[in-house]
file final_20.tsv (TSV, C-alpha atoms)
chain	number	residue	atom	x	y	z
J	208	MET	CA	-30.87	-19.71	-29.98
J	209	ASN	CA	-27.90	-21.54	-31.49
J	210	LYS	CA	-26.63	-18.73	-33.73
J	211	GLN	CA	-23.97	-17.67	-31.23
J	212	LYS	CA	-20.70	-19.59	-31.23
J	213	VAL	CA	-17.71	-19.93	-28.92
J	214	SER	CA	-14.33	-21.51	-29.50
J	215	SER	CA	-13.24	-24.87	-28.10
J	216	PHE	CA	-10.91	-23.05	-25.69
J	217	GLN	CA	-13.74	-20.87	-24.41
J	218	MET	CA	-15.94	-23.92	-23.92
J	219	GLY	CA	-13.14	-25.45	-21.87
J	220	VAL	CA	-12.96	-22.28	-19.77
J	221	LEU	CA	-16.70	-22.48	-19.12
J	222	LEU	CA	-16.33	-26.07	-17.93
J	223	PHE	CA	-13.44	-25.14	-15.64
J	224	VAL	CA	-15.21	-22.22	-13.98
J	225	PHE	CA	-18.41	-24.24	-13.70
J	226	LEU	CA	-16.72	-27.10	-11.84
J	227	THR	CA	-14.47	-24.98	-9.61
J	228	GLY	CA	-16.58	-21.83	-9.22
J	229	SER	CA	-18.18	-22.34	-5.82
J	230	SER	CA	-17.05	-25.91	-5.11
J	231	ILE	CA	-13.46	-24.85	-4.43
J	232	ILE	CA	-14.70	-23.09	-1.28
J	233	PHE	CA	-17.58	-25.31	-0.19
J	234	VAL	CA	-16.40	-28.84	-1.05
J	235	PRO	CA	-13.11	-29.40	0.89
J	236	GLY	CA	-14.48	-28.92	4.43
J	237	PRO	CA	-17.52	-31.24	4.29
J	238	LEU	CA	-15.57	-33.70	2.14
J	239	ILE	CA	-12.77	-33.98	4.70
J	240	GLY	CA	-15.40	-34.42	7.37
J	241	LYS	CA	-16.70	-37.47	5.51
J	242	ALA	CA	-13.52	-39.02	4.08
J	243	GLY	CA	-10.75	-37.69	6.33
J	244	ALA	CA	-7.23	-37.86	4.89
J	245	ALA	CA	-8.58	-39.88	1.94
J	246	ALA	CA	-10.70	-36.96	0.72
J	247	TRP	CA	-8.59	-36.62	-2.41
J	248	LEU	CA	-9.31	-40.28	-3.23
J	249	SER	CA	-13.03	-39.49	-3.04
J	250	LEU	CA	-12.50	-36.68	-5.52
J	251	LEU	CA	-10.68	-39.00	-7.91
J	252	LEU	CA	-13.46	-41.58	-7.66
J	253	SER	CA	-16.34	-39.17	-8.23
J	254	GLY	CA	-14.24	-37.30	-10.79
J	255	ALA	CA	-13.91	-40.50	-12.83
J	256	ILE	CA	-17.71	-40.77	-12.92
J	257	GLY	CA	-17.99	-37.10	-13.86
J	258	PHE	CA	-15.47	-37.60	-16.64
J	259	GLY	CA	-17.59	-40.50	-17.90
J	260	ILE	CA	-20.59	-38.17	-18.05
J	261	LEU	CA	-18.53	-35.68	-20.05
J	262	MET	CA	-17.49	-38.40	-22.50
J	263	MET	CA	-21.15	-39.40	-22.90
J	264	LEU	CA	-22.07	-35.83	-23.76
J	265	LEU	CA	-19.18	-35.47	-26.21
J	266	TYR	CA	-20.18	-38.70	-27.94
J	267	LEU	CA	-23.76	-37.50	-28.34
J	268	ASN	CA	-22.53	-34.11	-29.54
J	269	ARG	CA	-20.42	-35.85	-32.20
J	270	ARG	CA	-23.29	-38.19	-33.11
J	271	PHE	CA	-25.80	-35.33	-33.42
J	272	PRO	CA	-23.79	-32.26	-34.52
J	273	GLY	CA	-25.44	-28.90	-33.86
J	274	GLN	CA	-28.11	-30.41	-31.60
J	275	ASP	CA	-28.48	-30.14	-27.84
J	276	TYR	CA	-29.70	-32.64	-25.26
J	277	ILE	CA	-33.39	-31.90	-25.81
J	278	ASP	CA	-33.05	-32.29	-29.59
J	279	TYR	CA	-31.45	-35.72	-29.59
J	280	SER	CA	-33.51	-36.87	-26.61
J	281	ARG	CA	-36.65	-36.27	-28.68
J	282	LYS	CA	-35.11	-38.25	-31.53
J	283	MET	CA	-34.10	-41.17	-29.37
J	284	ILE	CA	-36.89	-41.62	-26.78
J	285	GLY	CA	-39.74	-39.52	-28.17
J	286	ASN	CA	-41.33	-36.23	-27.18
J	287	VAL	CA	-43.56	-37.52	-24.36
J	288	LEU	CA	-40.78	-39.23	-22.42
J	289	THR	CA	-38.44	-36.32	-23.07
J	290	VAL	CA	-40.96	-33.90	-21.56
J	291	LEU	CA	-41.63	-36.09	-18.54
J	292	LEU	CA	-37.94	-36.58	-17.78
J	293	GLY	CA	-37.27	-32.93	-18.63
J	294	LEU	CA	-39.73	-31.73	-15.99
J	295	LEU	CA	-37.84	-33.74	-13.39
J	296	THR	CA	-34.58	-32.22	-14.59
J	297	ILE	CA	-36.04	-28.71	-14.38
J	298	SER	CA	-37.00	-29.34	-10.74
J	299	TYR	CA	-33.34	-29.85	-9.94
J	300	LEU	CA	-32.04	-27.01	-12.11
J	301	LEU	CA	-34.35	-24.57	-10.31
J	302	GLN	CA	-33.06	-25.78	-6.96
J	303	MET	CA	-29.48	-25.77	-8.20
J	304	GLN	CA	-29.38	-22.12	-9.19
J	305	ALA	CA	-30.91	-21.17	-5.85
J	306	ALA	CA	-28.42	-23.38	-3.98
J	307	ILE	CA	-25.40	-21.75	-5.62
J	308	VAL	CA	-26.44	-18.24	-4.62
J	309	VAL	CA	-27.66	-19.26	-1.15
J	310	GLY	CA	-24.20	-20.74	-0.53
J	311	VAL	CA	-22.65	-17.34	-1.21
J	312	GLY	CA	-25.17	-15.66	1.08
J	313	GLN	CA	-24.38	-18.09	3.89
J	314	PHE	CA	-20.68	-17.49	3.44
J	315	MET	CA	-21.07	-13.72	3.54
J	316	ILE	CA	-23.21	-13.60	6.68
J	317	GLY	CA	-21.27	-16.42	8.35
J	318	ALA	CA	-17.72	-15.25	7.72
J	319	MET	CA	-17.74	-11.57	6.80
J	320	MET	CA	-20.92	-9.50	7.35
J	321	ARG	CA	-22.88	-11.17	10.11
J	322	GLU	CA	-25.46	-8.42	10.61
J	323	THR	CA	-26.44	-8.09	6.95
J	324	PRO	CA	-29.58	-9.98	5.79
J	325	MET	CA	-28.92	-12.71	3.25
J	326	TYR	CA	-31.29	-11.32	0.63
J	327	ALA	CA	-29.02	-8.27	0.31
J	328	PHE	CA	-26.41	-10.56	-1.28
J	329	THR	CA	-28.60	-13.07	-3.11
J	330	SER	CA	-30.73	-10.43	-4.81
J	331	LEU	CA	-27.68	-8.64	-6.24
J	332	ILE	CA	-26.04	-11.86	-7.46
J	333	PHE	CA	-29.24	-13.02	-9.16
J	334	MET	CA	-29.68	-9.62	-10.79
J	335	VAL	CA	-26.15	-9.50	-12.20
J	336	SER	CA	-26.29	-13.17	-13.25
J	337	ALA	CA	-29.57	-12.62	-15.09
J	338	LEU	CA	-28.21	-9.58	-16.93
J	339	THR	CA	-25.09	-11.50	-17.93
J	340	ALA	CA	-27.11	-14.52	-19.08
J	341	ARG	CA	-29.28	-12.27	-21.25
J	342	ALA	CA	-26.12	-11.01	-22.98
J	343	GLY	CA	-25.61	-14.47	-24.49
J	344	ILE	CA	-23.04	-17.24	-24.48
J	345	GLU	CA	-20.41	-15.29	-26.45
J	346	VAL	CA	-20.30	-12.47	-23.91
J	347	ILE	CA	-20.33	-14.98	-21.05
J	348	ALA	CA	-17.35	-16.88	-22.50
J	349	ARG	CA	-15.25	-13.74	-23.10
J	350	MET	CA	-15.99	-12.28	-19.67
J	351	PHE	CA	-15.45	-15.50	-17.75
J	352	THR	CA	-12.07	-16.11	-19.38
J	353	LEU	CA	-10.74	-12.93	-17.77
J	354	ILE	CA	-12.40	-13.61	-14.41
J	355	MET	CA	-11.07	-17.17	-14.41
J	356	LEU	CA	-7.50	-15.92	-14.79
J	357	LEU	CA	-8.00	-13.47	-11.92
J	358	THR	CA	-9.53	-15.95	-9.48
J	359	SER	CA	-7.00	-18.67	-10.37
J	360	PHE	CA	-4.19	-16.22	-9.60
J	361	PHE	CA	-5.69	-15.43	-6.18
J	362	ILE	CA	-6.03	-19.12	-5.32
J	363	PHE	CA	-2.47	-19.87	-6.43
J	364	ILE	CA	-1.13	-17.00	-4.29
J	365	VAL	CA	-2.96	-18.27	-1.20
J	366	LEU	CA	-1.75	-21.85	-1.62
J	367	LEU	CA	1.80	-20.61	-2.26
J	368	PHE	CA	2.05	-18.31	0.75
J	369	ALA	CA	0.52	-20.97	3.00
J	370	ILE	CA	3.51	-23.31	2.45
J	371	PRO	CA	5.06	-22.54	5.89
J	372	GLU	CA	1.84	-23.85	7.50
J	373	TYR	CA	1.89	-27.19	5.69
J	374	ARG	CA	2.54	-30.35	7.72
J	375	PRO	CA	2.61	-33.36	5.37
J	376	GLU	CA	2.30	-35.80	8.27
J	377	GLN	CA	-1.33	-34.69	8.57
J	378	LEU	CA	-2.06	-36.67	5.40
J	379	LEU	CA	-1.64	-39.96	7.30
J	380	PRO	CA	-3.14	-42.40	8.13
J	381	LEU	CA	-4.84	-42.63	4.77
J	382	LEU	CA	-7.52	-45.30	5.29
J	383	PRO	CA	-7.90	-45.96	9.03
J	384	LYS	CA	-11.59	-46.89	8.61
J	385	GLY	CA	-11.35	-48.66	5.28
J	386	LEU	CA	-13.01	-47.60	2.03
J	387	THR	CA	-16.41	-46.67	3.47
J	388	PRO	CA	-15.48	-42.99	4.16
J	389	VAL	CA	-14.01	-42.73	0.65
J	390	VAL	CA	-17.27	-43.92	-0.88
J	391	ALA	CA	-19.25	-41.52	1.33
J	392	GLY	CA	-17.09	-38.63	0.17
J	393	ALA	CA	-17.40	-39.71	-3.46
J	394	TYR	CA	-21.18	-39.83	-3.08
J	395	TYR	CA	-21.16	-36.23	-1.87
J	396	THR	CA	-18.87	-34.90	-4.58
J	397	PHE	CA	-20.73	-36.83	-7.28
J	398	GLY	CA	-23.77	-34.71	-6.52
J	399	PHE	CA	-21.75	-31.52	-6.23
J	400	PRO	CA	-20.10	-30.74	-8.58
J	401	PHE	CA	-19.35	-33.62	-10.98
J	402	SER	CA	-22.83	-34.87	-11.96
J	403	GLU	CA	-23.70	-31.28	-12.89
J	404	VAL	CA	-21.49	-31.66	-15.98
J	405	PHE	CA	-24.82	-32.77	-17.51
J	406	LEU	CA	-25.63	-29.09	-18.11
J	407	PHE	CA	-23.05	-28.96	-20.89
J	408	GLY	CA	-25.36	-31.11	-22.98
J	409	MET	CA	-27.14	-27.83	-23.69
J	410	LEU	CA	-23.94	-25.81	-24.25
J	411	LEU	CA	-21.76	-28.04	-26.44
J	412	PRO	CA	-23.70	-27.17	-29.66
J	413	PHE	CA	-22.42	-23.60	-29.27
J	414	ALA	CA	-18.85	-24.77	-29.88
J	415	ALA	CA	-17.78	-23.38	-33.24
J	416	GLY	CA	-16.73	-25.81	-35.94
J	417	HIS	CA	-18.46	-29.14	-35.49
J	418	LYS	CA	-15.78	-30.78	-37.66
J	419	LEU	CA	-13.27	-30.11	-34.88
J	420	ASN	CA	-14.76	-32.65	-32.47
J	421	LYS	CA	-11.35	-34.08	-31.63
J	422	LYS	CA	-10.06	-30.66	-30.60
J	423	LEU	CA	-13.18	-30.04	-28.52
J	424	MET	CA	-12.80	-33.40	-26.79
J	425	THR	CA	-9.14	-32.70	-26.01
J	426	THR	CA	-9.88	-29.23	-24.67
J	427	MET	CA	-12.79	-30.37	-22.52
J	428	SER	CA	-10.79	-33.30	-21.15
J	429	ILE	CA	-7.88	-31.04	-20.18
J	430	SER	CA	-10.26	-28.56	-18.60
J	431	PHE	CA	-11.96	-31.28	-16.57
J	432	ALA	CA	-8.61	-32.67	-15.42
J	433	ALA	CA	-7.43	-29.17	-14.45
J	434	SER	CA	-10.52	-28.53	-12.35
J	435	LEU	CA	-10.15	-31.91	-10.64
J	436	LEU	CA	-6.48	-31.19	-9.95
J	437	VAL	CA	-7.31	-27.80	-8.40
J	438	LEU	CA	-9.99	-29.31	-6.15
J	439	CYS	CA	-7.58	-32.05	-5.04
J	440	ALA	CA	-4.82	-29.51	-4.41
J	441	VAL	CA	-7.01	-27.29	-2.23
J	442	THR	CA	-8.28	-30.32	-0.30
J	443	VAL	CA	-4.77	-31.68	0.31
J	444	CYS	CA	-3.50	-28.25	1.36
J	445	ALA	CA	-6.38	-27.87	3.81
J	446	LEU	CA	-5.53	-31.28	5.26
J	447	MET	CA	-1.86	-30.37	5.65
J	448	VAL	CA	-2.78	-27.16	7.48
J	449	PHE	CA	-5.63	-28.28	9.74
J	450	GLY	CA	-5.50	-32.08	9.70
J	451	PRO	CA	-8.70	-33.89	10.73
J	452	ALA	CA	-10.02	-30.64	12.20
J	453	ALA	CA	-10.49	-29.38	8.64
J	454	GLY	CA	-13.75	-31.35	8.51
J	455	ALA	CA	-15.26	-29.10	11.17
J	456	GLY	CA	-15.11	-25.94	9.06
J	457	PRO	CA	-17.18	-25.18	5.95
J	458	TYR	CA	-14.84	-22.70	4.19
J	459	MET	CA	-11.40	-24.27	4.24
J	460	LEU	CA	-9.67	-22.14	1.61
J	461	TYR	CA	-10.87	-19.01	3.38
J	462	SER	CA	-9.58	-20.40	6.70
J	463	VAL	CA	-6.20	-21.16	5.13
J	464	ALA	CA	-5.99	-17.62	3.78
J	465	ARG	CA	-6.63	-16.19	7.25
J	466	LEU	CA	-3.40	-17.78	8.51
J	467	ILE	CA	-1.18	-16.05	5.96
J	468	GLU	CA	1.03	-13.26	7.24
J	469	PHE	CA	4.14	-12.23	5.35
J	470	GLN	CA	5.88	-9.63	7.53
J	471	GLU	CA	3.72	-6.51	7.23
J	472	ILE	CA	3.20	-6.68	3.49
J	473	PHE	CA	0.57	-9.41	3.15
J	474	GLN	CA	-2.08	-9.53	5.87
J	475	ARG	CA	-5.83	-10.16	5.84
J	476	ILE	CA	-5.40	-11.85	2.48
J	477	GLU	CA	-8.60	-13.83	3.03
J	478	SER	CA	-10.47	-10.92	1.46
J	479	VAL	CA	-9.22	-11.98	-1.99
J	480	ILE	CA	-10.59	-15.47	-1.38
J	481	GLY	CA	-13.91	-13.91	-0.47
J	482	MET	CA	-13.80	-12.07	-3.79
J	483	SER	CA	-12.91	-15.31	-5.59
J	484	LEU	CA	-15.87	-17.07	-4.01
J	485	ILE	CA	-18.27	-14.35	-5.06
J	486	LEU	CA	-16.89	-14.27	-8.61
J	487	GLY	CA	-16.80	-18.06	-8.92
J	488	SER	CA	-20.34	-18.48	-7.64
J	489	TYR	CA	-21.53	-15.66	-9.89
J	490	MET	CA	-20.06	-17.44	-12.92
J	491	LYS	CA	-21.61	-20.78	-11.98
J	492	ALA	CA	-24.97	-19.17	-11.20
J	493	THR	CA	-24.92	-17.42	-14.57
J	494	LEU	CA	-24.21	-20.64	-16.47
J	495	SER	CA	-26.86	-22.53	-14.50
J	496	LEU	CA	-29.44	-19.83	-15.18
J	497	TYR	CA	-28.55	-19.70	-18.86
J	498	VAL	CA	-28.78	-23.48	-19.26
J	499	LEU	CA	-32.07	-23.57	-17.34
J	500	SER	CA	-33.54	-20.97	-19.69
J	501	LEU	CA	-32.31	-22.93	-22.72
J	502	PHE	CA	-33.69	-26.18	-21.33
J	503	MET	CA	-37.13	-24.75	-20.58
J	504	ALA	CA	-37.34	-22.88	-23.88
J	505	LYS	CA	-36.44	-25.98	-25.91
J	506	LEU	CA	-38.77	-28.19	-23.89
J	507	CYS	CA	-41.68	-25.77	-24.40
J	508	GLY	CA	-40.92	-25.10	-28.08
J	509	MET	CA	-39.97	-21.44	-27.59
J	510	ASN	CA	-37.76	-19.65	-30.10
J	511	ASP	CA	-36.11	-17.27	-27.62
J	512	ASN	CA	-34.82	-18.20	-24.19
J	513	HIS	CA	-33.97	-14.63	-23.17
J	514	VAL	CA	-37.55	-13.71	-22.29
J	515	ILE	CA	-37.68	-16.21	-19.41
J	516	ILE	CA	-34.27	-15.50	-17.87
J	517	MET	CA	-35.50	-12.72	-15.56
J	518	PRO	CA	-38.55	-14.69	-14.32
J	519	LEU	CA	-36.34	-17.72	-13.65
J	520	ALA	CA	-33.87	-15.56	-11.71
J	521	LEU	CA	-36.75	-14.21	-9.62
J	522	ALA	CA	-37.97	-17.77	-8.99
J	523	GLY	CA	-34.47	-18.78	-7.88
J	524	PHE	CA	-34.25	-15.79	-5.54
J	525	LEU	CA	-37.60	-16.63	-3.92
J	526	MET	CA	-36.69	-20.32	-3.61
J	527	GLY	CA	-33.52	-19.32	-1.82
J	528	LEU	CA	-35.60	-17.55	0.80
J	529	VAL	CA	-37.98	-20.44	1.56
J	530	THR	CA	-36.02	-23.64	0.74
J	531	TYR	CA	-34.53	-24.23	4.19
J	532	ASP	CA	-35.02	-23.25	7.84
J	533	SER	CA	-31.49	-23.59	9.21
J	534	ASN	CA	-27.88	-24.07	8.11
J	535	THR	CA	-27.97	-27.64	9.44
J	536	GLN	CA	-30.95	-28.47	7.27
J	537	TRP	CA	-29.27	-26.85	4.30
J	538	ALA	CA	-26.08	-28.89	4.82
J	539	ARG	CA	-28.19	-32.07	4.90
J	540	ILE	CA	-29.91	-31.13	1.63
J	541	VAL	CA	-26.60	-30.54	-0.15
J	542	THR	CA	-24.69	-33.54	1.20
J	543	GLU	CA	-27.42	-36.20	1.34
J	544	ILE	CA	-30.30	-35.28	-0.97
J	545	HIS	CA	-28.57	-33.56	-3.88
J	546	PRO	CA	-26.41	-36.54	-4.92
J	547	ILE	CA	-29.32	-38.96	-5.28
J	548	TRP	CA	-31.46	-36.21	-6.83
J	549	THR	CA	-28.87	-35.48	-9.50
J	550	GLY	CA	-28.39	-39.19	-10.15
J	551	LEU	CA	-32.09	-39.71	-10.80
J	552	VAL	CA	-32.90	-36.59	-12.84
J	553	LEU	CA	-29.58	-35.92	-14.62
J	554	PHE	CA	-27.49	-39.08	-14.89
J	555	VAL	CA	-30.26	-41.66	-15.45
J	556	PRO	CA	-32.05	-39.76	-18.31
J	557	LEU	CA	-28.68	-39.15	-20.01
J	558	LEU	CA	-27.81	-42.83	-19.68
J	559	VAL	CA	-31.15	-43.82	-21.22
J	560	VAL	CA	-30.67	-41.48	-24.18
J	561	LEU	CA	-27.09	-42.68	-24.69
J	562	THR	CA	-28.11	-46.34	-24.59
J	563	VAL	CA	-30.83	-45.85	-27.20
J	564	ALA	CA	-28.46	-43.80	-29.38
J	565	MET	CA	-25.82	-46.55	-29.31
J	566	LEU	CA	-28.37	-49.23	-30.21
J	567	ARG	CA	-29.85	-47.32	-33.12
J	568	PRO	CA	-28.22	-46.92	-36.56
J	569	THR	CA	-26.05	-43.86	-37.11
J	570	LYS	CA	-28.52	-42.31	-39.53
J	571	ALA	CA	-31.07	-42.07	-36.72

call {"tool": "encode", "arguments": {"input": "final_20.tsv", "output": "structure tokens"}}
result
Amino acid sequence: MNKQKVSSFQMGVLLFVFLTGSSIIFVPGPLIGKAGAAAWLSLLLSGAIGFGILMMLLYLNRRFPGQDYIDYSRKMIGNVLTVLLGLLTISYLLQMQAAIVVGVGQFMIGAMMRETPMYAFTSLIFMVSALTARAGIEVIARMFTLIMLLTSFFIFIVLLFAIPEYRPEQLLPLLPKGLTPVVAGAYYTFGFPFSEVFLFGMLLPFAAGHKLNKKLMTTMSISFAASLLVLCAVTVCALMVFGPAAGAGPYMLYSVARLIEFQEIFQRIESVIGMSLILGSYMKATLSLYVLSLFMAKLCGMNDNHVIIMPLALAGFLMGLVTYDSNTQWARIVTEIHPIWTGLVLFVPLLVVLTVAMLRPTKA
């Protein structure tokens, strides 16, 4: 499974699209609703924790070259504990891939095609994601580099043409209710998307040239900072356009795009943001599905992860149909349950493995 290789730059691209893929549409609205004008401070706080997780993974990748999270977890804490903690992690990864695609389905039927059943969108996204994941990490990296450039261009154009709508005074007051809203917003964004950096513990071994760890660390750090900057920029722009009312809408970037009119040349530009959402969520869903297949294959001692990609995609599709009963319940799952779930099944096991690795001799 580890015969394919990608460059450090491509690994950085994968991290960027993974962090910004769907979160750039879904995060700003609920985050502003929790933290108000200090939403960008919440992003910086949770982003610092996410960056710490990335540094933990890069340290373990340097300590155990060519090995993924399951490999060095078995070395550090034993097979039994690795399997037990791994089963908990799989429970979240299954839910995660379903959540990404369900978010797209909700967006499509809520903002664009209200009469179309959700499964019409989720089934197609899961099918394409599964086919892409089966093609392997090299194909994924090359394809996503091009898509990343396209979606980034669309987002930049929207933020640029929305400048006449910006009112900087909407960014104040910054902390009218103290730090509590900032912490609440950081709690939300820790669960989605920053704690999910954990998944790269299964992808870092694919980076070509294990002697170039310094270059990989630099590239991944820049990529993480770029994704955090983009999320902060979109959040601040949404605040300047809508003010506190931005917290009442779930798709802020799409709402900003709907306001753009440049004479008769640029109108209805929100369609390109809809395309960016679909492409971004497709990329994140593909990476999540690919990592889930790697994780399960390694945990079960399988030599090929490709054979379980299609069944896992089907499981994710079915989970998306039965996981929730209403949009309100779904919002509660994402904003309240996901952060503590990711902390327990992603962050805590990684912290245990890292602690044992730091206490043991290097030759271990």

call {"tool": "residues_around", "arguments": {"input": "final_20.tsv", "residues": "Val441 of chain J", "least_positions_apart": "4", "cutoff": "7 Å", "atoms": "all atoms listed in the file", "output": "NGL selection string"}}
result
:J and (437 or 445 or 460)

call {"tool": "atom_distance", "arguments": {"input": "final_20.tsv", "atom1": "atom CA of Pro272 of chain J", "atom2": "atom CA of Thr339 of chain J"}}
result
26.6 Å

call {"tool": "closest_residue", "arguments": {"input": "final_20.tsv", "among": "J:Phe314, J:Ala340, J:Pro412, J:Met303", "to": "Ser462 of chain J", "atoms": "only C-alpha atoms"}}
result
J:Phe314

call {"tool": "atom_distance", "arguments": {"input": "final_20.tsv", "atom1": "atom CA of Gly343 of chain J", "atom2": "atom CA of Lys212 of chain J"}}
result
9.8 Å

call {"tool": "closest_residue", "arguments": {"input": "final_20.tsv", "among": "J:Ala432, J:Ala455, J:Met263, J:Leu300", "to": "Leu226 of chain J", "atoms": "all atoms listed in the file"}}
result
J:Ala432

call {"tool": "closest_atom_pairs", "arguments": {"input": "final_20.tsv", "of": "segment 304-341 of chain J", "to": "segment 493-496 of chain J", "cutoff": "9 Å", "atoms": "all atoms listed in the file", "output": "CSV"}}
result
residue,atom,partner,partner_atom,distance
J:Gln304,CA,J:Ser495,CA,5.9
J:Phe333,CA,J:Thr493,CA,8.2
J:Val335,CA,J:Thr493,CA,8.4
J:Ser336,CA,J:Thr493,CA,4.7
J:Ala337,CA,J:Thr493,CA,6.7
J:Leu338,CA,J:Thr493,CA,8.8
J:Thr339,CA,J:Thr493,CA,6.8
J:Ala340,CA,J:Thr493,CA,5.8

call {"tool": "residues_around", "arguments": {"input": "final_20.tsv", "residues": "segment 509-519 of chain J", "least_positions_apart": "6", "cutoff": "6 Å", "atoms": "all atoms listed in the file", "output": "mmCIF file with C-alpha atoms, in the frame of the given file"}}
result
data_model
loop_
_atom_site.group_PDB
_atom_site.id
_atom_site.type_symbol
_atom_site.label_atom_id
_atom_site.label_comp_id
_atom_site.auth_asym_id
_atom_site.auth_seq_id
_atom_site.Cartn_x
_atom_site.Cartn_y
_atom_site.Cartn_z
ATOM 1 C CA ALA J 337 -29.570 -12.620 -15.090
ATOM 2 C CA ARG J 341 -29.280 -12.270 -21.250
ATOM 3 C CA SER J 500 -33.540 -20.970 -19.690
ATOM 4 C CA LEU J 501 -32.310 -22.930 -22.720
#

call {"tool": "residues_around", "arguments": {"input": "final_20.tsv", "residues": "Met526 of chain J", "least_positions_apart": "5", "cutoff": "12 Å", "atoms": "all atoms listed in the file", "output": "PyMOL selection string"}}
result
chain J and resi 298-309+326+329-330+333+519-521+531-532

call {"tool": "write_last_selection", "arguments": {"input": "final_20.tsv", "atoms": "C-alpha atoms", "output": "PDB file, in the coordinates of the input"}}
result
ATOM      1  CA  SER J 298     -37.000 -29.340 -10.740  1.00  0.00           C
ATOM      2  CA  TYR J 299     -33.340 -29.850  -9.940  1.00  0.00           C
ATOM      3  CA  LEU J 300     -32.040 -27.010 -12.110  1.00  0.00           C
ATOM      4  CA  LEU J 301     -34.350 -24.570 -10.310  1.00  0.00           C
ATOM      5  CA  GLN J 302     -33.060 -25.780  -6.960  1.00  0.00           C
ATOM      6  CA  MET J 303     -29.480 -25.770  -8.200  1.00  0.00           C
ATOM      7  CA  GLN J 304     -29.380 -22.120  -9.190  1.00  0.00           C
ATOM      8  CA  ALA J 305     -30.910 -21.170  -5.850  1.00  0.00           C
ATOM      9  CA  ALA J 306     -28.420 -23.380  -3.980  1.00  0.00           C
ATOM     10  CA  ILE J 307     -25.400 -21.750  -5.620  1.00  0.00           C
ATOM     11  CA  VAL J 308     -26.440 -18.240  -4.620  1.00  0.00           C
ATOM     12  CA  VAL J 309     -27.660 -19.260  -1.150  1.00  0.00           C
ATOM     13  CA  TYR J 326     -31.290 -11.320   0.630  1.00  0.00           C
ATOM     14  CA  THR J 329     -28.600 -13.070  -3.110  1.00  0.00           C
ATOM     15  CA  SER J 330     -30.730 -10.430  -4.810  1.00  0.00           C
ATOM     16  CA  PHE J 333     -29.240 -13.020  -9.160  1.00  0.00           C
ATOM     17  CA  LEU J 519     -36.340 -17.720 -13.650  1.00  0.00           C
ATOM     18  CA  ALA J 520     -33.870 -15.560 -11.710  1.00  0.00           C
ATOM     19  CA  LEU J 521     -36.750 -14.210  -9.620  1.00  0.00           C
ATOM     20  CA  TYR J 531     -34.530 -24.230   4.190  1.00  0.00           C
ATOM     21  CA  ASP J 532     -35.020 -23.250   7.840  1.00  0.00           C
TER      22      ASP J 532
END

call {"tool": "closest_residue", "arguments": {"input": "final_20.tsv", "among": "J:Leu486, J:Ile297, J:Gln211, J:Ala492", "to": "Ala342 of chain J", "atoms": "all atoms listed in the file"}}
result
J:Gln211

call {"tool": "atom_distance", "arguments": {"input": "final_20.tsv", "atom1": "atom CA of Arg270 of chain J", "atom2": "atom CA of Leu435 of chain J"}}
result
26.8 Å

call {"tool": "closest_residue", "arguments": {"input": "final_20.tsv", "among": "J:Ile485, J:Leu366, J:Ile354, J:Leu528", "to": "Met325 of chain J", "atoms": "only C-alpha atoms"}}
result
J:Leu528

call {"tool": "closest_residue", "arguments": {"input": "final_20.tsv", "among": "J:Leu378, J:Leu353, J:Ile277, J:Val404", "to": "Ala242 of chain J", "atoms": "only C-alpha atoms"}}
result
J:Leu378

call {"tool": "residues_around", "arguments": {"input": "final_20.tsv", "residues": "Met424 of chain J", "least_positions_apart": "4", "cutoff": "10 Å", "atoms": "only C-alpha atoms", "output": "VMD selection string"}}
result
chain J and resid 215 219 261 to 262 265 to 266 269 419 to 420 428 to 430

call {"tool": "closest_residue", "arguments": {"input": "final_20.tsv", "among": "J:Met427, J:Met218, J:Met409, J:Ile364", "to": "Leu506 of chain J", "atoms": "only C-alpha atoms"}}
result
J:Met409

call {"tool": "axis_aligned_box", "arguments": {"input": "final_20.tsv", "around": "segment 317-326 of chain J", "padding_each_side": "4 Å", "output": "AutoDock Vina command-line options"}}
result
--center_x -24.5 --center_y -12.3 --center_z 5.6 --size_x 21.6 --size_y 16.3 --size_z 18.0

call {"tool": "residues_around", "arguments": {"input": "final_20.tsv", "residues": "Phe233 of chain J", "least_positions_apart": "3", "cutoff": "10 Å", "atoms": "only C-alpha atoms", "output": "tab-separated table (two decimals) with C-alpha atoms, in the coordinates of the input"}}
result
chain	number	residue	atom	x	y	z
J	227	THR	CA	-14.47	-24.98	-9.61
J	228	GLY	CA	-16.58	-21.83	-9.22
J	229	SER	CA	-18.18	-22.34	-5.82
J	230	SER	CA	-17.05	-25.91	-5.11
J	236	GLY	CA	-14.48	-28.92	4.43
J	237	PRO	CA	-17.52	-31.24	4.29
J	238	LEU	CA	-15.57	-33.70	2.14
J	310	GLY	CA	-24.20	-20.74	-0.53
J	311	VAL	CA	-22.65	-17.34	-1.21
J	314	PHE	CA	-20.68	-17.49	3.44
J	399	PHE	CA	-21.75	-31.52	-6.23
J	456	GLY	CA	-15.11	-25.94	9.06
J	457	PRO	CA	-17.18	-25.18	5.95
J	458	TYR	CA	-14.84	-22.70	4.19
J	459	MET	CA	-11.40	-24.27	4.24
J	460	LEU	CA	-9.67	-22.14	1.61
J	461	TYR	CA	-10.87	-19.01	3.38
J	484	LEU	CA	-15.87	-17.07	-4.01
